[in-house]
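For reference, protein.txt (compact mmCIF, C-alpha atoms (C1' of nucleotides)):
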```
# COMPACT_ATOMS: atom_id res chain seq x y z
CA MET X 44 34.13 20.53 140.04
CA SER X 45 36.40 19.17 137.33
CA ALA X 46 33.39 17.99 135.35
CA SER X 47 33.10 21.48 133.91
CA LEU X 48 36.63 21.27 132.60
CA THR X 49 35.39 19.26 129.63
CA ARG X 50 32.81 21.95 129.10
CA ILE X 51 35.44 24.65 129.16
CA LYS X 52 37.53 22.70 126.69
CA LYS X 53 34.55 22.37 124.41
CA ASP X 54 33.78 26.08 124.53
CA PHE X 55 37.38 26.95 123.87
CA THR X 56 37.51 24.53 120.95
CA GLN X 57 34.43 26.04 119.41
CA GLY X 58 35.92 29.52 119.75
CA LEU X 59 39.11 28.52 117.98
CA SER X 60 37.06 26.82 115.27
CA GLN X 61 35.33 30.09 114.49
CA ILE X 62 38.59 31.99 114.51
CA SER X 63 40.03 29.40 112.15
CA ARG X 64 37.10 29.74 109.79
CA PHE X 65 37.43 33.50 109.92
CA TRP X 66 40.98 33.29 108.66
CA GLY X 67 39.89 31.08 105.77
CA PHE X 68 40.99 27.79 107.25
CA PRO X 69 38.64 24.87 107.76
CA LYS X 70 37.00 25.01 111.15
CA GLY X 71 38.12 21.46 111.84
CA MET X 72 41.66 22.76 111.76
CA GLY X 73 40.97 25.12 114.61
CA ALA X 74 39.28 22.33 116.54
CA ILE X 75 42.23 20.01 116.14
CA PHE X 76 44.66 22.65 117.26
CA ALA X 77 42.50 23.58 120.23
CA VAL X 78 42.34 19.99 121.45
CA LEU X 79 46.09 19.59 121.17
CA TYR X 80 46.74 22.98 122.69
CA LEU X 81 44.77 22.15 125.82
CA SER X 82 46.25 18.71 126.24
CA PRO X 83 49.10 18.34 128.76
CA MET X 84 50.55 15.46 126.74
CA PRO X 85 50.87 14.66 123.04
CA LEU X 86 47.85 12.89 121.57
CA SER X 87 47.58 10.10 119.07
CA LEU X 88 45.47 10.38 115.96
CA ASP X 89 42.76 8.17 117.43
CA GLU X 90 42.60 10.27 120.56
CA ILE X 91 42.09 13.34 118.41
CA VAL X 92 39.35 11.47 116.57
CA GLN X 93 37.63 10.86 119.87
CA GLU X 94 38.00 14.44 121.09
CA THR X 95 36.95 16.22 117.92
CA GLY X 96 34.46 13.81 116.39
CA LEU X 97 36.19 14.10 113.01
CA THR X 98 37.35 11.08 111.05
CA LYS X 99 40.90 9.86 110.71
CA GLY X 100 41.12 10.95 107.11
CA ALA X 101 40.17 14.54 107.76
CA ILE X 102 42.54 14.81 110.69
CA SER X 103 45.33 13.19 108.73
CA THR X 104 45.21 15.80 106.00
CA GLU X 105 44.50 18.80 108.18
CA ILE X 106 47.15 17.97 110.74
CA ARG X 107 49.70 17.91 107.96
CA ALA X 108 48.72 21.45 107.04
CA LEU X 109 49.02 22.45 110.68
CA ALA X 110 52.45 20.87 110.85
CA ARG X 111 53.51 22.68 107.68
CA MET X 112 52.51 25.93 109.36
CA GLY X 113 54.49 24.97 112.43
CA LEU X 114 51.42 25.01 114.65
CA VAL X 115 51.69 21.34 115.66
CA HIS X 116 54.59 18.96 115.90
CA ARG X 117 54.50 15.26 115.20
CA SER X 118 56.60 12.84 117.18
CA SER X 119 56.89 9.08 117.52
CA ARG X 120 57.94 6.87 120.37
CA LEU X 121 60.12 3.80 120.17
CA GLY X 122 58.23 0.57 120.15
CA ASP X 123 54.98 2.43 119.45
CA ARG X 124 53.71 2.60 115.92
CA LYS X 125 51.40 5.48 116.69
CA ASP X 126 52.36 9.04 115.88
CA TYR X 127 51.84 11.64 118.56
CA TYR X 128 50.97 15.24 118.03
CA GLU X 129 51.38 18.29 120.22
CA ALA X 130 50.61 21.95 119.74
CA GLU X 131 53.24 24.62 119.32
CA SER X 132 52.75 26.94 122.27
CA ASP X 133 55.16 29.63 121.09
CA PHE X 134 52.91 31.58 118.77
CA TYR X 135 55.66 33.80 117.50
CA ALA X 136 57.52 30.75 116.30
CA ALA X 137 54.33 29.65 114.57
CA ILE X 138 53.76 33.04 112.98
CA ARG X 139 57.26 33.14 111.62
CA SER X 140 56.72 29.71 110.14
CA ILE X 141 53.39 30.71 108.63
CA LEU X 142 54.86 33.82 107.07
CA LYS X 143 57.71 31.77 105.66
CA GLU X 144 55.17 29.44 104.10
CA ARG X 145 53.29 32.39 102.72
CA GLN X 146 56.19 33.31 100.48
CA ASN X 147 55.25 30.51 98.11
CA SER X 148 51.54 31.11 98.26
CA GLU X 149 49.14 32.43 95.68
CA PHE X 150 49.06 35.67 97.58
CA ASP X 151 52.66 36.57 96.98
CA ARG X 152 52.36 35.42 93.40
CA ALA X 153 49.55 37.90 92.91
CA ILE X 154 51.49 40.67 94.60
CA ARG X 155 54.46 39.97 92.42
CA SER X 156 52.20 40.27 89.40
CA VAL X 157 51.45 43.84 90.46
CA ARG X 158 55.14 44.59 90.47
CA GLY X 159 55.34 42.89 87.09
CA THR X 160 52.69 45.25 85.78
CA LEU X 161 54.82 48.18 86.83
CA GLU X 162 57.87 46.78 85.09
CA THR X 163 56.16 46.11 81.79
CA MET X 164 54.76 49.63 81.84
CA GLU X 165 58.23 51.02 82.39
CA ALA X 166 59.64 48.82 79.65
CA ASN X 167 57.39 50.09 76.87
CA TRP X 168 56.44 53.50 78.12
CA VAL X 169 53.78 55.68 76.52
CA ASP X 170 53.59 59.31 77.54
CA ASP X 171 49.85 59.37 77.56
CA GLU X 172 47.75 61.11 80.19
CA GLU X 173 45.79 58.01 81.19
CA TRP X 174 48.95 55.95 81.02
CA ASN X 175 50.56 58.22 83.59
CA PHE X 176 47.50 58.05 85.78
CA VAL X 177 47.37 54.26 85.74
CA TYR X 178 51.07 54.04 86.42
CA GLU X 179 50.86 56.28 89.45
CA ARG X 180 47.97 54.31 90.87
CA VAL X 181 49.63 50.95 90.42
CA GLN X 182 52.78 52.38 91.91
CA ALA X 183 50.90 53.65 94.96
CA LEU X 184 49.39 50.22 95.53
CA GLN X 185 52.81 48.65 95.19
CA GLU X 186 54.20 51.00 97.82
CA PHE X 187 51.33 50.09 100.10
CA PHE X 188 52.06 46.40 99.70
CA ASP X 189 55.71 47.08 100.42
CA ALA X 190 54.76 48.90 103.61
CA ILE X 191 52.62 45.96 104.69
CA ASP X 192 55.49 43.66 103.90
CA SER X 193 57.89 45.74 105.98
CA LEU X 194 55.50 45.64 108.86
CA THR X 195 55.21 41.91 108.48
CA MET X 196 58.95 41.59 108.69
CA ALA X 197 58.90 43.76 111.77
CA VAL X 198 56.51 41.30 113.38
CA VAL X 199 58.74 38.43 112.39
CA LYS X 200 61.67 40.09 114.08
CA LEU X 201 59.48 40.66 117.10
CA GLU X 202 59.61 36.94 117.67
CA LYS X 203 63.21 37.20 118.65
CA LEU X 204 62.72 40.01 121.06
CA GLY X 205 59.58 39.19 122.98
CA PHE X 206 56.31 40.79 123.89
CA SER X 207 57.41 44.11 125.29
CA ASN X 208 58.28 45.41 121.85
CA VAL X 209 54.70 45.91 120.84
CA THR X 210 54.38 48.55 123.50
CA LYS X 211 57.72 49.87 122.34
CA ILE X 212 56.28 50.31 118.85
CA LEU X 213 53.27 52.08 120.28
CA SER X 214 55.49 54.48 122.18
CA VAL X 215 57.36 55.33 118.99
CA LEU X 216 54.11 56.26 117.29
CA LYS X 217 52.95 58.44 120.14
CA MET S 258 50.87 51.84 71.88
CA SER S 259 47.88 52.65 74.05
CA ALA S 260 46.18 49.45 72.89
CA SER S 261 48.17 47.55 75.51
CA LEU S 262 46.77 49.75 78.24
CA THR S 263 43.59 47.69 78.21
CA ARG S 264 45.77 44.64 78.51
CA ILE S 265 47.61 46.10 81.48
CA LYS S 266 44.32 46.97 83.13
CA LYS S 267 43.11 43.42 82.61
CA ASP S 268 46.25 41.91 84.10
CA PHE S 269 46.08 44.22 87.08
CA THR S 270 42.42 43.42 87.59
CA GLN S 271 43.10 39.72 87.56
CA GLY S 272 45.88 40.19 90.09
CA LEU S 273 43.64 42.06 92.48
CA SER S 274 40.96 39.41 92.00
CA GLN S 275 43.32 36.75 93.26
CA ILE S 276 44.44 38.89 96.17
CA SER S 277 40.79 39.47 97.02
CA ARG S 278 40.06 35.77 96.97
CA PHE S 279 43.11 35.12 99.12
CA TRP S 280 41.73 37.36 101.83
CA GLY S 281 38.40 35.54 101.73
CA PHE S 282 36.51 38.08 99.69
CA PRO S 283 34.79 37.21 96.42
CA LYS S 284 37.11 37.66 93.52
CA GLY S 285 34.54 39.85 91.77
CA MET S 286 35.05 42.30 94.61
CA GLY S 287 38.71 42.67 93.75
CA ALA S 288 37.86 43.07 90.09
CA ILE S 289 35.37 45.85 90.78
CA PHE S 290 37.81 47.69 92.97
CA ALA S 291 40.60 47.30 90.41
CA VAL S 292 38.48 48.76 87.62
CA LEU S 293 37.49 51.72 89.74
CA TYR S 294 41.02 52.17 91.05
CA LEU S 295 42.46 52.47 87.56
CA SER S 296 39.75 54.78 86.28
CA PRO S 297 40.59 58.50 86.23
CA MET S 298 36.92 59.35 86.72
CA PRO S 299 34.06 57.85 88.69
CA LEU S 300 32.20 55.10 86.88
CA SER S 301 28.52 54.29 86.69
CA LEU S 302 27.20 50.84 87.50
CA ASP S 303 26.68 50.04 83.83
CA GLU S 304 30.22 51.03 83.00
CA ILE S 305 31.44 48.66 85.69
CA VAL S 306 29.25 45.97 84.18
CA GLN S 307 30.96 46.50 80.84
CA GLU S 308 34.47 46.52 82.30
CA THR S 309 34.14 43.52 84.58
CA GLY S 310 31.66 41.34 82.72
CA LEU S 311 29.68 40.85 85.93
CA THR S 312 25.96 41.51 86.14
CA LYS S 313 24.28 44.49 87.72
CA GLY S 314 23.01 42.45 90.63
CA ALA S 315 26.36 41.11 91.66
CA ILE S 316 27.99 44.50 91.40
CA SER S 317 25.16 46.12 93.31
CA THR S 318 25.64 43.90 96.33
CA GLU S 319 29.40 43.69 96.24
CA ILE S 320 29.91 47.40 95.78
CA ARG S 321 27.88 47.99 98.91
CA ALA S 322 30.27 45.79 100.83
CA LEU S 323 33.18 47.72 99.36
CA ALA S 324 31.55 50.99 100.38
CA ARG S 325 30.97 49.67 103.90
CA MET S 326 34.67 48.92 104.11
CA GLY S 327 35.49 52.40 102.87
CA LEU S 328 37.23 51.11 99.76
CA VAL S 329 34.88 52.81 97.32
CA HIS S 330 32.74 55.91 97.54
CA ARG S 331 29.42 56.43 95.88
CA SER S 332 28.38 59.81 94.60
CA SER S 333 25.57 61.19 92.50
CA ARG S 334 25.39 64.17 90.18
CA LEU S 335 22.54 66.62 89.90
CA GLY S 336 20.27 65.96 86.99
CA ASP S 337 21.72 62.50 86.57
CA ARG S 338 19.93 59.55 88.05
CA LYS S 339 22.95 57.33 87.83
CA ASP S 340 25.16 56.73 90.82
CA TYR S 341 28.88 57.03 90.34
CA TYR S 342 31.54 55.10 92.13
CA GLU S 343 35.19 55.79 92.70
CA ALA S 344 37.93 53.96 94.54
CA GLU S 345 39.43 55.18 97.76
CA SER S 346 43.09 55.76 96.97
CA ASP S 347 44.22 56.37 100.53
CA PHE S 348 44.69 52.82 101.71
CA TYR S 349 45.35 53.76 105.28
CA ALA S 350 41.97 55.41 105.42
CA ALA S 351 40.50 52.22 104.04
CA ILE S 352 42.35 50.05 106.52
CA ARG S 353 41.16 52.10 109.41
CA SER S 354 37.63 51.75 108.15
CA ILE S 355 37.99 48.00 107.71
CA LEU S 356 39.37 47.58 111.20
CA LYS S 357 36.54 49.62 112.58
CA GLU S 358 34.09 47.32 110.84
CA ARG S 359 35.95 44.31 112.19
CA GLN S 360 35.02 45.21 115.75
CA ASN S 361 31.54 43.85 115.20
CA SER S 362 32.63 40.81 113.26
CA GLU S 363 32.51 37.17 114.14
CA PHE S 364 36.24 37.28 114.65
CA ASP S 365 36.13 39.61 117.60
CA ARG S 366 33.17 37.74 118.99
CA ALA S 367 35.25 34.58 118.98
CA ILE S 368 38.20 36.32 120.58
CA ARG S 369 35.96 37.70 123.27
CA SER S 370 34.76 34.16 123.93
CA VAL S 371 38.34 33.21 124.77
CA ARG S 372 38.46 35.97 127.33
CA GLY S 373 35.09 34.74 128.58
CA THR S 374 36.58 31.28 129.08
CA LEU S 375 39.28 32.79 131.28
CA GLU S 376 36.75 34.65 133.36
CA THR S 377 34.51 31.67 133.99
CA MET S 378 37.55 29.66 135.03
CA GLU S 379 38.55 32.36 137.47
CA ALA S 380 35.01 32.59 138.79
CA ASN S 381 34.71 28.95 139.85
CA TRP S 382 38.28 27.98 140.36
CA VAL S 383 39.46 24.41 140.91
CA ASP S 384 43.00 23.86 142.14
CA ASP S 385 43.56 20.86 139.95
CA GLU S 386 46.74 20.16 138.05
CA GLU S 387 45.08 19.94 134.65
CA TRP S 388 42.93 22.93 135.48
CA ASN S 389 46.03 25.00 136.08
CA PHE S 390 47.56 23.79 132.85
CA VAL S 391 44.51 24.65 130.79
CA TYR S 392 44.23 28.03 132.42
CA GLU S 393 47.82 28.93 131.65
CA ARG S 394 47.45 27.90 128.04
CA VAL S 395 44.26 29.87 127.51
CA GLN S 396 45.86 32.84 129.21
CA ALA S 397 48.90 32.64 126.92
CA LEU S 398 46.65 32.64 123.87
CA GLN S 399 44.77 35.60 125.25
CA GLU S 400 47.98 37.54 125.71
CA PHE S 401 48.95 36.72 122.16
CA PHE S 402 45.65 38.07 120.87
CA ASP S 403 46.15 41.21 122.91
CA ALA S 404 49.56 41.69 121.37
CA ILE S 405 48.12 41.32 117.88
CA ASP S 406 45.43 43.81 118.81
CA SER S 407 48.01 46.31 120.04
CA LEU S 408 49.91 45.96 116.82
CA THR S 409 46.71 46.49 114.88
CA MET S 410 46.10 49.69 116.76
CA ALA S 411 49.66 50.74 115.98
CA VAL S 412 48.91 50.32 112.29
CA VAL S 413 45.73 52.33 112.65
CA LYS S 414 47.67 55.15 114.19
CA LEU S 415 50.13 54.90 111.36
CA GLU S 416 47.45 56.27 109.09
CA LYS S 417 47.77 59.64 110.73
CA LEU S 418 51.51 59.82 110.42
CA GLY S 419 52.32 58.52 106.98
CA PHE S 420 54.52 55.98 105.36
CA SER S 421 57.89 56.76 106.87
CA ASN S 422 56.91 55.28 110.18
CA VAL S 423 57.17 51.73 109.00
CA THR S 424 60.89 52.23 108.52
CA LYS S 425 60.90 53.97 111.87
CA ILE S 426 59.44 50.85 113.47
CA LEU S 427 62.04 48.71 111.78
CA SER S 428 64.82 50.90 113.09
CA VAL S 429 63.48 50.51 116.61
CA LEU S 430 63.63 46.76 116.29
CA LYS S 431 67.14 46.77 114.95
C1' DA J 214 -0.62 58.36 85.13
C1' DT J 215 2.62 56.13 82.06
C1' DG J 216 7.03 54.94 80.75
C1' DA J 217 11.98 54.84 80.71
C1' DG J 218 16.00 54.45 83.23
C1' DT J 219 17.94 53.55 87.61
C1' DG J 220 19.54 50.35 91.61
C1' DT J 221 17.86 46.27 94.42
C1' DT J 222 16.18 41.86 95.56
C1' DT J 223 15.26 37.05 94.70
C1' DA J 224 15.27 32.42 92.77
C1' DG J 225 18.09 29.39 90.77
C1' DT J 226 22.72 27.40 89.21
C1' DA J 227 27.46 26.10 88.82
C1' DC J 228 31.25 25.58 91.53
C1' DT J 229 34.01 25.07 95.46
C1' DT J 230 35.07 23.02 99.80
C1' DA J 231 35.03 20.45 104.14
C1' DC J 232 34.04 16.38 105.39
C1' DT J 233 32.79 11.08 105.61
C1' DA J 234 33.35 6.32 104.53
C1' DA J 235 36.01 3.01 102.89
C1' DA J 236 39.72 1.15 100.27
C1' DC J 237 44.61 1.16 100.33
C1' DG J 238 49.60 0.89 101.57
C1' DC J 239 52.93 -0.13 104.74
C1' DA J 240 55.15 -1.39 108.64
C1' DG J 241 56.03 -4.91 112.50
C1' DT J 242 54.55 -9.53 114.47
C1' DA J 243 53.15 -14.21 114.69
C1' DT R 136 53.34 -15.45 104.42
C1' DA R 137 49.34 -13.85 106.36
C1' DC R 138 47.64 -10.68 110.02
C1' DT R 139 47.10 -6.49 112.75
C1' DG R 140 47.35 -1.82 113.60
C1' DC R 141 48.69 2.30 111.95
C1' DG R 142 48.40 6.62 108.65
C1' DT R 143 47.12 7.95 103.92
C1' DT R 144 44.57 8.36 99.86
C1' DT R 145 40.38 8.47 97.18
C1' DA R 146 35.62 8.60 95.78
C1' DG R 147 31.54 10.47 96.99
C1' DT R 148 28.41 13.83 99.58
C1' DA R 149 26.40 17.69 101.80
C1' DA R 150 26.67 22.45 102.48
C1' DG R 151 28.18 26.87 101.41
C1' DT R 152 29.21 30.59 98.10
C1' DA R 153 29.66 33.54 94.04
C1' DC R 154 27.38 34.48 90.51
C1' DT R 155 23.42 34.93 86.70
C1' DA R 156 18.96 36.04 85.04
C1' DA R 157 14.97 38.15 85.78
C1' DA R 158 11.40 40.19 88.48
C1' DC R 159 10.89 44.17 91.29
C1' DA R 160 10.73 48.95 93.23
C1' DC R 161 11.78 53.61 93.02
C1' DT R 162 12.41 58.17 90.81
C1' DC R 163 12.01 61.46 87.53
C1' DA R 164 10.30 63.25 82.80
C1' DT R 165 6.83 63.59 79.65
```
Re-express the file's structure as structure tokens.
Amino acid sequence: MSASLTRIKKDFTQGLSQISRFWGFPKGMGAIFAVLYLSPMPLSLDEIVQETGLTKGAISTEIRALARMGLVHRSSRLGDRKDYYEAESDFYAAIRSILKERQNSEFDRAIRSVRGTLETMEANWVDDEEWNFVYERVQALQEFFDAIDSLTMAVVKLEKLGFSNVTKILSVLK
Amino acid sequence: MSASLTRIKKDFTQGLSQISRFWGFPKGMGAIFAVLYLSPMPLSLDEIVQETGLTKGAISTEIRALARMGLVHRSSRLGDRKDYYEAESDFYAAIRSILKERQNSEFDRAIRSVRGTLETMEANWVDDEEWNFVYERVQALQEFFDAIDSLTMAVVKLEKLGFSNVTKILSVLK
DNA sequence: ATGAGTGTTTAGTACTTACTAAACGCAGTA
DNA sequence: TACTGCGTTTAGTAAGTACTAAACACTCAT
């Protein structure tokens, strides 16, 4: 029976909420995305209110964050003052957008500060035993971050090429 | 002068604190790891107290989490009742350990619930238009998660092979 | 045993954050 | 101009979290 479809939607929404919270986003964010993702047509803000149980205000702010990440798209119809929202279903497009956004985040600022540490050490070098040790350690961490960054870029490029490349990567590592 | 070494350590520690917070860990965790990572020798709990300014209690609990993730190792010396802690410097080893831990986390539980949704839909199938739509969407998300998981495993295998493979991956995608 | 020196646990606190409720601004319409 | 129907902003709240301070438990030495 189709009555259980609402139940399935609810379960799915709850799952995405937890995943959202796990990644450090508000759980409401995951709920909003889930509702949009399972909807065949774009939804208005009030419809999202009804589906999620959140208030307009919360949805207003959180949907903007989702849009900034490229996970939802806002559209408007002529002669209709409502805005309509739909989920991005191409996750690779979303990931690329998220990673682009990340460039300006606190995270990259912090990582750059590690590189800055290296540079200041090089600038006024002291040939001390501990100094050398610290330098090597910081350098190793920097290299690790760079590796992660390279991998990230690899994933971004994946978006252009499609799914099969993951298995391609795996075969390379075999 | 070596006086600025303490300054460099402090800057580095603060950087790692922010990175830690970004990933959803307490910032004190990053600070503890940073202090250990830059120390040429293992440190006792009291020494960590002095370096970080945190209290014994906080360090006690947070260092256990770090140890569980494989980011620090605890050791004890004969005739010395203190425990000593040192940072894991092989980050790939740490990553593998973290990913192993992740298997039991809320994240994977949530992802499994998505797969569960698919299975219950298949079990009592309804040939409804919306039903089909929802099923396809959930399935697409599932495939995306699987791809991420494959990539994760690729990174885990990387640990065995060393750094150069990241560039190798990039060359494949070229 | 007693005491000193460990790490651990617990109760409480300051702070952050996700959210609500309601005021607000801003269009289009009468 | 006032009104209606939107989305947005803001003030306040409830809950979670990282941390402190202090009590606690354990181990070894005397």
Query raised in the report: What is the atom CA of Glu186 of chain X to atom CA of Thr263 of chain S distance in Å?
Result: 22.5 Å
Requested in this report: Can you work out which one of S:Ala324, S:Met298, S:Val329, S:Met286 has the shortest atom-to-atom distance to chain X, counting only C-alpha atoms?
Outcome: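 Checking each of S:Ala324, S:Met298, S:Val329, S:Met286 against chain X, counting only C-alpha atoms, the winner is S:Met298.
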Could I get the residues of chain S with an atom no further than 9 Å from an atom of chain R, each paired with its nearest atom pair and that distance in Å to one decimal, using only C-alpha atoms (C1' of nucleotides), sorted by chain and residue number, as CSV?
```
residue,atom,partner,partner_atom,distance
S:Pro283,CA,R:DA153,C1',6.7
S:Lys284,CA,R:DA153,C1',8.5
S:Gly285,CA,R:DA153,C1',8.3
S:Leu311,CA,R:DC154,C1',8.2
S:Thr312,CA,R:DT155,C1',7.1
S:Gly314,CA,R:DT155,C1',8.5
S:Ala315,CA,R:DC154,C1',6.8
S:Arg338,CA,R:DT162,C1',8.1
```
Could you make a table, as JSON lines, of the residues of chain J that have an atom within 10 Å of an atom of chain X, each with its nearest atom pair and distance in Å to one decimal, counting only C-alpha atoms (C1' of nucleotides), in chain and number order?
```
{"residue": "J:DT230", "atom": "C1'", "partner": "X:Pro69", "partner_atom": "CA", "distance": 8.9}
{"residue": "J:DA231", "atom": "C1'", "partner": "X:Pro69", "partner_atom": "CA", "distance": 6.8}
{"residue": "J:DC232", "atom": "C1'", "partner": "X:Ala101", "partner_atom": "CA", "distance": 6.8}
{"residue": "J:DT233", "atom": "C1'", "partner": "X:Thr98", "partner_atom": "CA", "distance": 7.1}
{"residue": "J:DA234", "atom": "C1'", "partner": "X:Thr98", "partner_atom": "CA", "distance": 9.0}
{"residue": "J:DA240", "atom": "C1'", "partner": "X:Arg124", "partner_atom": "CA", "distance": 8.4}
{"residue": "J:DG241", "atom": "C1'", "partner": "X:Arg124", "partner_atom": "CA", "distance": 8.6}
```
Report task. For chain X, report every residue with an atom at most 6 Å from chain S (counting all atoms listed in the file), formatted as a count of residues only. Result -> 8
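Here atom CA of Ala351 of chain S and atom CA of Met326 of chain S stand 6.7 Å from one another.
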Report task. Between atom CA of Glu343 of chain S and atom CA of Ser301 of chain S, measure the distance and give it in Å to one decimal. Result ->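 Atom-to-atom, atom CA of Glu343 of chain S to atom CA of Ser301 of chain S, that is 9.1 Å.
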Query - Contacts of Leu79 of chain X within 7 Å, all atoms listed in the file, excl. fewer than 4 positions in-chain, as an MDAnalysis selection string - result: chainID X and resid 75 86 129:130
Query - For Arg117 of chain X: contacts at 7 Å, only C-alpha atoms (C1' of nucleotides), fewer than 4 positions along chain excluded, given as a PyMOL selection string - result: chain X and resi 126-129
